[in-house]
>>> print(open('entry27.cif').read())   # mmCIF, C-alpha atoms
data_entry
#
loop_
_atom_site.label_atom_id
_atom_site.label_comp_id
_atom_site.auth_asym_id
_atom_site.auth_seq_id
_atom_site.Cartn_x
_atom_site.Cartn_y
_atom_site.Cartn_z
CA MET A 1 12.62 47.14 16.64
CA PRO A 2 10.28 45.40 19.09
CA GLU A 3 8.84 42.25 17.62
CA ALA A 4 5.20 41.20 17.76
CA GLN A 5 4.50 43.64 20.55
CA PHE A 6 1.22 44.65 19.01
CA GLY A 7 -0.37 41.25 18.92
CA TYR A 8 0.14 40.56 15.22
CA PRO A 9 3.09 38.87 13.53
CA VAL A 10 5.49 41.34 11.99
CA THR A 11 8.09 40.84 9.35
CA GLY A 12 11.83 41.04 9.89
CA ALA A 13 14.28 42.39 7.36
CA THR A 14 17.80 43.51 6.77
CA THR A 15 18.66 46.63 4.83
CA VAL A 16 22.13 48.10 4.46
CA GLY A 17 23.13 51.54 3.20
CA ILE A 18 26.63 52.80 2.43
CA ALA A 19 27.51 56.32 1.28
CA CYS A 20 30.72 56.06 -0.72
CA LYS A 21 32.90 58.75 -2.23
CA ASP A 22 31.19 58.62 -5.64
CA GLY A 23 27.76 57.17 -4.94
CA VAL A 24 25.36 55.46 -2.57
CA VAL A 25 24.55 51.76 -2.23
CA LEU A 26 21.27 50.50 -0.75
CA ALA A 27 20.81 46.75 -0.34
CA SER A 28 18.29 44.43 1.28
CA GLU A 29 17.17 40.82 1.32
CA LYS A 30 13.87 39.60 -0.14
CA ARG A 31 12.05 37.58 2.51
CA VAL A 32 8.59 38.55 3.76
CA THR A 33 7.52 36.55 6.79
CA TYR A 34 4.21 36.29 8.57
CA GLY A 35 4.98 34.90 12.00
CA PHE A 36 7.12 31.87 11.25
CA SER A 37 6.00 31.21 7.71
CA ILE A 38 7.26 32.86 4.56
CA MET A 39 4.66 34.77 2.60
CA THR A 40 6.88 35.56 -0.34
CA LYS A 41 10.49 35.26 -1.42
CA ALA A 42 10.18 38.12 -3.86
CA GLY A 43 9.73 41.03 -1.49
CA LYS A 44 11.07 44.39 -2.68
CA LYS A 45 12.45 46.64 0.06
CA VAL A 46 14.78 48.90 -1.92
CA PHE A 47 13.33 51.42 -4.35
CA ALA A 48 14.71 54.01 -6.74
CA ILE A 49 12.59 57.14 -6.52
CA ASN A 50 14.33 58.68 -9.54
CA ASN A 51 17.79 58.34 -11.01
CA ARG A 52 19.42 60.18 -8.09
CA LEU A 53 17.40 59.16 -5.03
CA GLY A 54 16.50 55.90 -3.37
CA VAL A 55 14.82 54.58 -0.24
CA ALA A 56 15.07 51.30 1.63
CA PHE A 57 12.75 49.98 4.34
CA ALA A 58 12.88 47.46 7.17
CA GLY A 59 9.62 46.52 8.84
CA LEU A 60 5.96 46.10 8.01
CA ILE A 61 5.65 45.88 4.23
CA SER A 62 2.26 47.61 4.02
CA ASP A 63 3.53 50.63 5.95
CA SER A 64 6.70 50.69 3.83
CA GLN A 65 4.73 50.67 0.58
CA ALA A 66 2.32 53.36 1.79
CA VAL A 67 5.25 55.57 2.77
CA LEU A 68 6.93 54.86 -0.56
CA ARG A 69 3.88 55.91 -2.58
CA ARG A 70 3.61 59.17 -0.68
CA ILE A 71 7.28 60.08 -0.83
CA SER A 72 7.49 59.30 -4.57
CA ALA A 73 4.52 61.56 -5.19
CA GLU A 74 5.90 64.33 -2.97
CA THR A 75 9.31 64.15 -4.66
CA ASN A 76 7.85 64.34 -8.16
CA LEU A 77 5.57 67.19 -7.16
CA TYR A 78 8.47 69.11 -5.59
CA GLU A 79 10.61 68.76 -8.71
CA LEU A 80 7.75 69.80 -10.99
CA GLU A 81 6.79 72.80 -8.86
CA THR A 82 10.26 74.12 -8.07
CA ARG A 83 11.88 72.97 -11.33
CA LYS A 84 14.92 72.01 -9.30
CA PRO A 85 16.29 68.58 -8.39
CA MET A 86 15.36 67.47 -4.88
CA SER A 87 18.31 67.28 -2.51
CA VAL A 88 18.71 64.12 -0.42
CA ARG A 89 18.26 66.06 2.79
CA ALA A 90 15.05 67.67 1.54
CA MET A 91 13.52 64.31 0.65
CA ALA A 92 14.56 62.85 3.98
CA LYS A 93 13.01 65.83 5.78
CA ILE A 94 9.69 65.54 3.88
CA LEU A 95 9.65 61.87 4.79
CA ALA A 96 10.44 62.68 8.43
CA ASN A 97 7.52 65.10 8.54
CA LEU A 98 5.17 62.49 7.02
CA LEU A 99 6.25 59.98 9.66
CA TYR A 100 6.03 62.39 12.58
CA ALA A 101 2.53 63.45 11.55
CA GLN A 102 1.58 59.91 12.57
CA ARG A 103 3.26 60.10 15.97
CA ALA A 104 0.12 58.90 17.76
CA TYR A 105 -0.28 55.88 15.46
CA PRO A 106 3.19 55.35 14.04
CA VAL A 107 4.20 53.44 10.96
CA TYR A 108 5.97 50.20 11.78
CA THR A 109 9.00 50.62 9.59
CA GLU A 110 12.54 52.02 9.69
CA THR A 111 13.64 53.92 6.60
CA MET A 112 16.89 54.79 4.89
CA VAL A 113 17.14 57.57 2.32
CA GLY A 114 20.19 57.61 0.07
CA GLY A 115 21.15 59.55 -3.02
CA MET A 116 23.35 61.97 -4.82
CA ASP A 117 22.91 65.71 -5.00
CA GLU A 118 25.21 68.68 -5.52
CA ASP A 119 26.85 67.98 -2.14
CA GLY A 120 27.76 64.45 -3.18
CA ALA A 121 26.64 61.10 -1.84
CA LYS A 122 24.43 61.20 1.25
CA LEU A 123 22.64 58.73 3.50
CA PHE A 124 19.99 59.45 6.13
CA VAL A 125 18.40 57.07 8.61
CA LEU A 126 14.87 57.65 9.89
CA ASP A 127 13.21 55.86 12.81
CA PRO A 128 9.47 55.06 12.80
CA LEU A 129 8.67 58.42 14.37
CA GLY A 130 10.63 60.42 11.84
CA SER A 131 13.90 61.28 13.52
CA MET A 132 16.61 62.05 10.94
CA ILE A 133 20.26 61.21 11.46
CA GLU A 134 22.85 61.48 8.70
CA ASP A 135 25.46 58.74 8.53
CA ARG A 136 28.05 57.29 6.18
CA TYR A 137 26.75 53.71 6.60
CA ALA A 138 23.84 52.00 8.36
CA ALA A 139 22.07 48.67 8.73
CA LEU A 140 18.43 48.41 9.78
CA GLY A 141 15.99 45.67 10.66
CA THR A 142 16.18 42.42 12.60
CA GLY A 143 19.41 41.52 10.79
CA GLY A 144 20.88 45.00 11.18
CA ALA A 145 23.06 44.19 14.16
CA ILE A 146 24.61 41.29 12.24
CA ALA A 147 25.13 43.24 9.02
CA ILE A 148 26.66 46.28 10.67
CA GLY A 149 29.56 44.21 11.96
CA ILE A 150 30.53 43.28 8.41
CA VAL A 151 30.22 46.85 7.18
CA GLU A 152 32.19 48.34 10.07
CA SER A 153 35.09 45.93 9.76
CA ALA A 154 35.73 46.80 6.11
CA TYR A 155 34.34 50.32 5.62
CA SER A 156 36.71 53.15 4.76
CA PRO A 157 35.64 56.74 4.08
CA ASP A 158 37.25 56.85 0.62
CA MET A 159 35.80 53.63 -0.66
CA GLY A 160 34.31 53.75 -4.14
CA VAL A 161 30.83 52.64 -5.07
CA GLU A 162 31.96 49.29 -6.56
CA ALA A 163 33.70 48.30 -3.33
CA GLY A 164 30.73 49.64 -1.38
CA LYS A 165 28.37 47.44 -3.40
CA ASP A 166 30.43 44.32 -2.68
CA LEU A 167 30.55 45.21 1.01
CA ALA A 168 26.79 45.80 1.21
CA ILE A 169 26.07 42.48 -0.48
CA ARG A 170 28.40 40.65 1.91
CA ALA A 171 26.73 42.33 4.86
CA VAL A 172 23.22 41.34 3.75
CA ARG A 173 24.38 37.77 3.10
CA ALA A 174 25.87 37.57 6.60
CA ALA A 175 22.54 38.68 8.03
CA ILE A 176 20.68 36.16 5.87
CA SER A 177 22.77 33.35 7.27
CA ARG A 178 22.15 34.30 10.91
CA ASP A 179 18.70 35.90 10.96
CA VAL A 180 15.74 33.62 10.27
CA ALA A 181 13.57 36.55 9.23
CA SER A 182 15.96 37.53 6.40
CA GLY A 183 16.70 35.54 3.28
CA ASP A 184 15.75 34.50 -0.25
CA GLY A 185 18.01 36.83 -2.22
CA VAL A 186 19.68 40.23 -2.25
CA ASP A 187 18.43 43.40 -3.95
CA VAL A 188 21.01 46.12 -4.59
CA LEU A 189 20.52 49.69 -5.77
CA VAL A 190 23.60 51.68 -6.78
CA ILE A 191 23.17 55.42 -7.27
CA SER A 192 26.11 57.14 -8.93
CA LYS A 193 26.84 59.48 -11.82
CA GLN A 194 25.59 56.68 -14.09
CA GLY A 195 22.16 56.98 -12.49
CA ALA A 196 20.24 54.42 -10.45
CA ILE A 197 21.00 50.77 -11.28
CA GLU A 198 19.06 47.95 -9.61
CA GLU A 199 20.20 44.36 -9.44
CA THR A 200 19.04 41.13 -7.79
CA LEU A 201 21.44 38.44 -6.63
CA PRO A 202 21.04 35.06 -4.97
CA ALA A 203 21.24 34.74 -1.19
CA LYS A 204 24.58 32.89 -1.24
CA MET B 205 6.93 51.75 19.98
CA LEU B 206 5.20 53.98 22.49
CA PRO B 207 3.30 51.82 25.02
CA GLN B 208 -0.21 52.80 25.89
CA GLU B 209 -0.54 52.02 29.62
CA LEU B 210 0.69 54.60 32.10
CA ASP B 211 2.89 52.09 33.97
CA GLU B 212 4.67 51.09 30.81
CA ARG B 213 5.21 54.74 29.96
CA LYS B 214 6.76 55.34 33.38
CA VAL B 215 9.18 52.50 32.76
CA LEU B 216 9.98 53.97 29.37
CA TYR B 217 10.77 57.36 30.90
CA GLU B 218 13.21 55.68 33.27
CA LYS B 219 14.83 53.73 30.45
CA LEU B 220 15.09 56.79 28.27
CA LYS B 221 17.18 58.57 30.84
CA HIS B 222 19.79 56.25 29.47
CA GLY B 223 21.92 56.90 26.49
CA THR B 224 23.35 60.40 26.70
CA THR B 225 25.55 62.77 28.64
CA THR B 226 25.05 66.51 28.31
CA VAL B 227 26.85 69.17 30.36
CA GLY B 228 26.33 72.93 30.63
CA VAL B 229 28.24 75.59 32.61
CA VAL B 230 27.49 79.31 32.78
CA CYS B 231 30.71 81.34 32.96
CA THR B 232 31.52 85.00 33.52
CA ASP B 233 32.03 85.61 29.80
CA GLY B 234 29.79 82.99 28.19
CA VAL B 235 28.37 79.47 28.33
CA VAL B 236 30.01 76.10 27.64
CA LEU B 237 27.85 73.20 26.45
CA ALA B 238 29.07 69.66 25.77
CA THR B 239 27.55 66.32 24.78
CA ASP B 240 28.65 62.81 23.86
CA ARG B 241 27.91 61.38 20.39
CA ARG B 242 26.39 57.97 21.01
CA VAL B 243 22.78 57.23 19.99
CA THR B 244 21.47 53.98 21.46
CA SER B 245 18.43 51.82 20.90
CA GLY B 246 18.32 49.66 24.01
CA THR B 247 21.82 48.20 24.21
CA TYR B 248 22.51 48.60 20.49
CA VAL B 249 24.61 51.51 19.27
CA ALA B 250 22.44 52.84 16.48
CA HIS B 251 24.63 55.82 15.60
CA LYS B 252 28.17 56.76 16.49
CA ARG B 253 28.00 60.36 15.35
CA GLY B 254 24.69 61.68 16.58
CA ARG B 255 24.41 65.44 16.98
CA LYS B 256 22.90 66.48 20.29
CA LEU B 257 23.84 70.16 20.10
CA PHE B 258 21.34 72.22 18.15
CA MET B 259 21.84 75.83 17.15
CA LEU B 260 18.68 77.89 17.67
CA ASP B 261 20.09 81.19 16.44
CA GLU B 262 23.51 82.94 16.28
CA MET B 263 23.64 83.33 20.06
CA ARG B 264 21.66 80.34 21.39
CA VAL B 265 22.31 76.59 21.47
CA ALA B 266 20.25 73.73 22.87
CA THR B 267 21.22 70.20 23.86
CA ILE B 268 18.75 67.42 23.25
CA ALA B 269 18.23 64.13 25.08
CA GLY B 270 15.47 61.55 24.85
CA LEU B 271 13.28 60.52 21.92
CA VAL B 272 15.13 61.82 18.87
CA ALA B 273 12.08 62.42 16.68
CA ASP B 274 10.30 64.51 19.33
CA ALA B 275 13.47 66.48 20.09
CA GLN B 276 14.27 67.22 16.44
CA MET B 277 10.72 68.28 15.60
CA ILE B 278 10.46 70.56 18.62
CA MET B 279 13.86 72.13 17.88
CA ASP B 280 12.93 72.81 14.24
CA PHE B 281 9.65 74.37 15.31
CA LEU B 282 11.35 76.43 18.03
CA LYS B 283 13.97 77.69 15.59
CA SER B 284 11.36 78.96 13.14
CA GLN B 285 9.27 80.49 15.92
CA ILE B 286 12.31 82.38 17.23
CA SER B 287 12.75 84.03 13.82
CA LEU B 288 9.07 84.94 13.89
CA MET B 289 9.30 86.36 17.42
CA LYS B 290 12.19 88.59 16.39
CA LEU B 291 10.26 89.88 13.40
CA THR B 292 7.12 90.42 15.45
CA ASN B 293 8.95 92.22 18.25
CA ARG B 294 11.15 94.07 15.77
CA GLY B 295 14.08 93.39 18.03
CA PRO B 296 16.10 90.75 19.83
CA VAL B 297 14.56 88.02 21.94
CA THR B 298 15.99 86.96 25.31
CA THR B 299 17.22 83.46 26.06
CA ARG B 300 14.67 83.26 28.85
CA SER B 301 11.75 83.90 26.50
CA ILE B 302 13.00 81.16 24.17
CA ALA B 303 13.20 78.77 27.10
CA THR B 304 9.72 79.78 28.26
CA PHE B 305 8.37 79.22 24.76
CA ALA B 306 9.87 75.73 24.76
CA SER B 307 8.37 75.10 28.18
CA ASN B 308 4.94 76.07 26.86
CA ILE B 309 5.30 73.72 23.89
CA LEU B 310 6.13 70.85 26.21
CA PHE B 311 3.38 71.60 28.72
CA SER B 312 0.77 71.89 25.96
CA SER B 313 1.28 68.15 25.50
CA ARG B 314 1.24 67.46 29.25
CA TYR B 315 -1.01 64.38 28.98
CA TYR B 316 0.73 62.88 25.96
CA PRO B 317 4.22 64.09 26.68
CA TYR B 318 7.10 64.63 24.32
CA ILE B 319 9.79 62.38 25.76
CA VAL B 320 12.62 64.91 25.74
CA GLN B 321 14.93 66.86 28.04
CA PHE B 322 16.57 70.11 26.92
CA ILE B 323 19.25 72.50 28.03
CA ILE B 324 18.78 75.91 26.35
CA ALA B 325 21.70 78.30 26.77
CA GLY B 326 22.74 81.57 25.20
CA TYR B 327 24.23 85.02 25.38
CA ASP B 328 21.82 87.94 25.16
CA GLU B 329 21.57 91.56 26.35
CA LYS B 330 21.51 90.26 29.94
CA GLY B 331 24.68 88.24 29.44
CA PRO B 332 25.16 84.45 29.53
CA SER B 333 22.35 82.24 30.86
CA MET B 334 21.21 78.60 30.83
CA TYR B 335 17.86 76.90 31.38
CA VAL B 336 16.92 73.26 31.85
CA LEU B 337 13.57 71.75 30.82
CA ASP B 338 12.12 68.35 31.58
CA TRP B 339 9.53 66.56 29.48
CA PHE B 340 6.53 68.15 31.20
CA GLY B 341 7.88 71.65 30.65
CA SER B 342 9.39 72.43 34.07
CA LEU B 343 11.81 75.31 33.61
CA THR B 344 14.71 76.09 35.92
CA GLU B 345 17.65 78.44 35.51
CA GLU B 346 21.00 76.88 36.40
CA ARG B 347 24.66 77.85 36.77
CA PHE B 348 25.85 74.33 35.91
CA ILE B 349 23.96 71.15 35.04
CA THR B 350 24.37 67.65 33.63
CA THR B 351 21.61 65.53 32.08
CA GLY B 352 21.24 62.00 30.72
CA SER B 353 22.34 58.59 31.94
CA GLY B 354 25.94 59.81 32.29
CA SER B 355 24.95 62.78 34.43
CA PRO B 356 25.97 61.33 37.83
CA TYR B 357 29.53 60.77 36.62
CA ALA B 358 29.80 64.15 34.97
CA ILE B 359 28.38 66.14 37.88
CA GLY B 360 31.01 64.67 40.21
CA VAL B 361 33.75 66.03 38.01
CA LEU B 362 32.11 69.45 37.89
CA GLU B 363 31.53 69.60 41.65
CA ALA B 364 35.12 68.67 42.39
CA ASN B 365 36.93 70.78 39.82
CA LEU B 366 34.81 73.74 38.77
CA LYS B 367 35.82 76.94 40.51
CA LYS B 368 33.31 79.61 41.48
CA ASN B 369 32.48 82.01 38.62
CA PRO B 370 34.76 80.41 36.07
CA SER B 371 35.64 81.97 32.76
CA VAL B 372 35.01 80.01 29.55
CA SER B 373 38.69 79.05 29.35
CA ASP B 374 38.60 77.87 33.01
CA ALA B 375 35.51 75.77 32.42
CA LEU B 376 36.41 74.15 29.08
CA PRO B 377 38.91 71.52 30.36
CA VAL B 378 36.63 70.63 33.29
CA VAL B 379 33.62 70.20 31.02
CA ALA B 380 35.63 68.03 28.61
CA ARG B 381 36.82 65.83 31.48
CA ALA B 382 33.28 65.58 32.82
CA VAL B 383 31.97 64.15 29.55
CA ARG B 384 35.00 61.90 29.25
CA SER B 385 34.35 60.46 32.72
CA SER B 386 30.76 59.67 31.74
CA ILE B 387 31.96 57.97 28.58
CA GLU B 388 34.35 55.85 30.66
CA ARG B 389 31.74 54.65 33.10
CA ASP B 390 28.30 54.95 31.45
CA PRO B 391 27.57 52.41 28.73
CA GLY B 392 24.90 54.71 27.35
CA SER B 393 27.43 57.41 26.48
CA GLY B 394 30.34 57.21 24.12
CA GLU B 395 31.88 57.73 20.69
CA GLY B 396 33.34 61.21 21.32
CA ILE B 397 32.70 64.67 22.69
CA ASP B 398 31.09 67.73 21.05
CA ILE B 399 31.70 71.10 22.72
CA VAL B 400 30.39 74.58 21.91
CA THR B 401 31.08 77.92 23.55
CA ILE B 402 28.68 80.85 23.41
CA THR B 403 30.22 84.27 24.06
CA GLU B 404 29.35 87.82 23.06
CA ARG B 405 31.08 87.00 19.76
CA GLY B 406 28.62 84.18 19.07
CA VAL B 407 28.63 80.38 18.90
CA THR B 408 31.86 78.45 18.30
CA GLU B 409 32.06 74.69 17.93
CA LEU B 410 35.38 73.16 18.96
CA SER B 411 37.20 70.93 16.50
CA ASP B 412 38.23 67.38 17.43
CA THR B 413 41.86 68.50 17.85
CA GLU B 414 40.86 71.34 20.16
CA VAL B 415 38.82 68.92 22.29
CA ALA B 416 41.75 66.48 22.40
CA LYS B 417 44.01 69.30 23.63
CA LEU B 418 41.61 70.00 26.50
CA LEU B 419 41.87 66.39 27.61
CA ALA B 420 45.66 66.17 27.42
#
>>> encode(input="entry27.cif", output="structure tokens")
Amino acid sequence: MPEAQFGYPVTGATTVGIACKDGVVLASEKRVTYGFSIMTKAGKKVFAINNRLGVAFAGLISDSQAVLRRISAETNLYELETRKPMSVRAMAKILANLLYAQRAYPVYTETMVGGMDEDGAKLFVLDPLGSMIEDRYAALGTGGAIAIGIVESAYSPDMGVEAGKDLAIRAVRAAISRDVASGDGVDVLVISKQGAIEETLPAK
Amino acid sequence: MLPQELDERKVLYEKLKHGTTTVGVVCTDGVVLATDRRVTSGTYVAHKRGRKLFMLDEMRVATIAGLVADAQMIMDFLKSQISLMKLTNRGPVTTRSIATFASNILFSSRYYPYIVQFIIAGYDEKGPSMYVLDWFGSLTEERFITTGSGSPYAIGVLEANLKKNPSVSDALPVVARAVRSSIERDPGSGEGIDIVTITERGVTELSDTEVAKLLA
């Protein structure tokens, strides 16, 4: 993502997503920067929408939170109206449409949607304009290029969600150590048959 | 994101020619379309299994290149509009009318263009045909074409090896080699080859093993 191209300081981030055989892991770090100073060390970039769906963001926090509020509302509304659980692809598509509607004044955030539905564990990556690409693993943000190396070297398609969680945490920690805009802790969300479990760990 | 000044946009259009190879060949009994799988963001490989072939209906496939969000949204819209056209006309719709519709969508945004390039190909009552569109909506019918940053490498292979009026089985190995050559020499293309054939029996996507056999 281009940095500070719009004349105001923007925040970096690292978020990692891994779709395993039996669940999805979304992880991020917790630093929120404003230029070269740290605004908070308790930033939240990974969110459980319900016990089967989660989103993770990398980019401007205000845009991320605005998108989060809308997609949570849309997901709840969908499930109430249709009386059916929302599939991961459907939520990703609604999100893509919300983002594309702002094509002339885009949000400044990259999004990952992960969850479990009747087709199993799924992960989608959306760019700021709302393109949707399905993948088995991804890393977004200023630390994404660093994190993806860790994930790629150890990922295997039949890895379970426990191994996936360890891998995601290692990947975020690698990015923390080499990206100044990432740091201050690791948030992990594991979505599996047990539901959505969130955890916070130290940066090292 | 999208720069505002016209000069910066021009530079962006040049840069966005990078990062894909797509190939299309019209044959006597159908059409062959092929793409690579790499999705880049500058020099970073953002995705290794991007899908650049998009099925519009049972007899029509499009390839997409350029800004992914624009391409995906236009394809989704086009797909739903094709269903509507068939219902409205109470009959089939030609490949040419689909391509013209796409051209109109693109031209309607002439002064704030969608940054995309399409190949739309299919088999209809007139037989196999293929159309190429640029981001302003220019529409041309072609017998064979390559688009994207890998296009110069791929077109060389086609020009040297494609015989006149090939059948689908004649064209398949040449198309596969064309995309492979681009992958070898264009950093913007890579990760593998997707191939579809469109014949009077419909759309068939080749498996990885079938593609590997073509390259042997």
>>> interface_residues(input="entry27.cif", of="chain B", to="chain A", cutoff="8 Å", atoms="all atoms listed in the file", output="list in words")
Met205, Tyr248, His251, Arg253, Gly254, Val272, Ala273, Asp274, Gln276 and Met277 of chain B
>>> residues_around(input="entry27.cif", residues="range 57-66 of chain A", least_positions_apart="6", cutoff="7 Å", atoms="all atoms listed in the file", output="JSON, numbers by chain")
{"A": [10, 11, 12, 13, 14, 15, 45, 46, 107, 108, 109, 110, 111, 112, 140, 141]}
>>> resolve_selection(input="entry27.cif", expression="the PyMOL selection byres ((chain A and resi 201) around 9)", output="ChimeraX atom specification")
/A:169,185-188,199-200,202-204
>>> atom_distance(input="entry27.cif", atom1="CA of Gly341 in chain B", atom2="CA of Gly396 in chain B")
29.1 Å
>>> resolve_selection(input="entry27.cif", expression="the PyMOL selection byres ((chain A and resi 150) around 9)", output="CSV table (one decimal) with C-alpha atoms, in the frame of the given file")
chain,number,residue,atom,x,y,z
A,146,ILE,CA,24.6,41.3,12.2
A,147,ALA,CA,25.1,43.2,9.0
A,148,ILE,CA,26.7,46.3,10.7
A,149,GLY,CA,29.6,44.2,12.0
A,151,VAL,CA,30.2,46.8,7.2
A,152,GLU,CA,32.2,48.3,10.1
A,153,SER,CA,35.1,45.9,9.8
A,154,ALA,CA,35.7,46.8,6.1
A,155,TYR,CA,34.3,50.3,5.6
A,167,LEU,CA,30.6,45.2,1.0
A,168,ALA,CA,26.8,45.8,1.2
A,170,ARG,CA,28.4,40.6,1.9
A,171,ALA,CA,26.7,42.3,4.9
A,172,VAL,CA,23.2,41.3,3.8
A,174,ALA,CA,25.9,37.6,6.6
>>> resolve_selection(input="entry27.cif", expression="the PyMOL selection byres ((chain B and resi 282) around 12)", output="PyMOL selection string")
chain B and resi 258-261+264-266+275-281+283-289+301-310+324
>>> write_last_selection(input="entry27.cif", atoms="C-alpha atoms", output="mmCIF file, in the frame of the given file")
data_model
loop_
_atom_site.group_PDB
_atom_site.id
_atom_site.type_symbol
_atom_site.label_atom_id
_atom_site.label_comp_id
_atom_site.auth_asym_id
_atom_site.auth_seq_id
_atom_site.Cartn_x
_atom_site.Cartn_y
_atom_site.Cartn_z
ATOM 1 C CA PHE B 258 21.340 72.220 18.150
ATOM 2 C CA MET B 259 21.840 75.830 17.150
ATOM 3 C CA LEU B 260 18.680 77.890 17.670
ATOM 4 C CA ASP B 261 20.090 81.190 16.440
ATOM 5 C CA ARG B 264 21.660 80.340 21.390
ATOM 6 C CA VAL B 265 22.310 76.590 21.470
ATOM 7 C CA ALA B 266 20.250 73.730 22.870
ATOM 8 C CA ALA B 275 13.470 66.480 20.090
ATOM 9 C CA GLN B 276 14.270 67.220 16.440
ATOM 10 C CA MET B 277 10.720 68.280 15.600
ATOM 11 C CA ILE B 278 10.460 70.560 18.620
ATOM 12 C CA MET B 279 13.860 72.130 17.880
ATOM 13 C CA ASP B 280 12.930 72.810 14.240
ATOM 14 C CA PHE B 281 9.650 74.370 15.310
ATOM 15 C CA LYS B 283 13.970 77.690 15.590
ATOM 16 C CA SER B 284 11.360 78.960 13.140
ATOM 17 C CA GLN B 285 9.270 80.490 15.920
ATOM 18 C CA ILE B 286 12.310 82.380 17.230
ATOM 19 C CA SER B 287 12.750 84.030 13.820
ATOM 20 C CA LEU B 288 9.070 84.940 13.890
ATOM 21 C CA MET B 289 9.300 86.360 17.420
ATOM 22 C CA SER B 301 11.750 83.900 26.500
ATOM 23 C CA ILE B 302 13.000 81.160 24.170
ATOM 24 C CA ALA B 303 13.200 78.770 27.100
ATOM 25 C CA THR B 304 9.720 79.780 28.260
ATOM 26 C CA PHE B 305 8.370 79.220 24.760
ATOM 27 C CA ALA B 306 9.870 75.730 24.760
ATOM 28 C CA SER B 307 8.370 75.100 28.180
ATOM 29 C CA ASN B 308 4.940 76.070 26.860
ATOM 30 C CA ILE B 309 5.300 73.720 23.890
ATOM 31 C CA LEU B 310 6.130 70.850 26.210
ATOM 32 C CA ILE B 324 18.780 75.910 26.350
#
>>> atom_distance(input="entry27.cif", atom1="CA of Phe322 in chain B", atom2="CA of Lys290 in chain B")
21.7 Å
>>> atom_distance(input="entry27.cif", atom1="CA of Leu343 in chain B", atom2="CA of Gly295 in chain B")
24.0 Å
>>> residues_around(input="entry27.cif", residues="Arg241 in chain B", least_positions_apart="6", cutoff="10 Å", atoms="only C-alpha atoms", output="list in words")
Gly223, Thr224, Thr225, Thr226, His251, Lys252, Arg253, Gly254, Arg255, Lys256, Leu257, Ile387, Ser393, Gly394, Glu395, Gly396, Ile397 and Asp398 of chain B
>>> axis_aligned_box(input="entry27.cif", around="range 227-233 of chain B", padding_each_side="5 Å", output="JSON")
{"center_x": 29.2, "center_y": 77.4, "center_z": 31.7, "size_x": 15.7, "size_y": 26.4, "size_z": 13.7}
>>> residues_around(input="entry27.cif", residues="Gly352 in chain B", least_positions_apart="6", cutoff="12 Å", atoms="only C-alpha atoms", output="JSON, numbers by chain")
{"B": [217, 218, 219, 220, 221, 222, 223, 224, 225, 226, 227, 239, 240, 242, 243, 256, 267, 268, 269, 270, 271, 320, 321, 322, 323, 338, 358, 359, 383, 386, 387, 390, 391, 392, 393]}
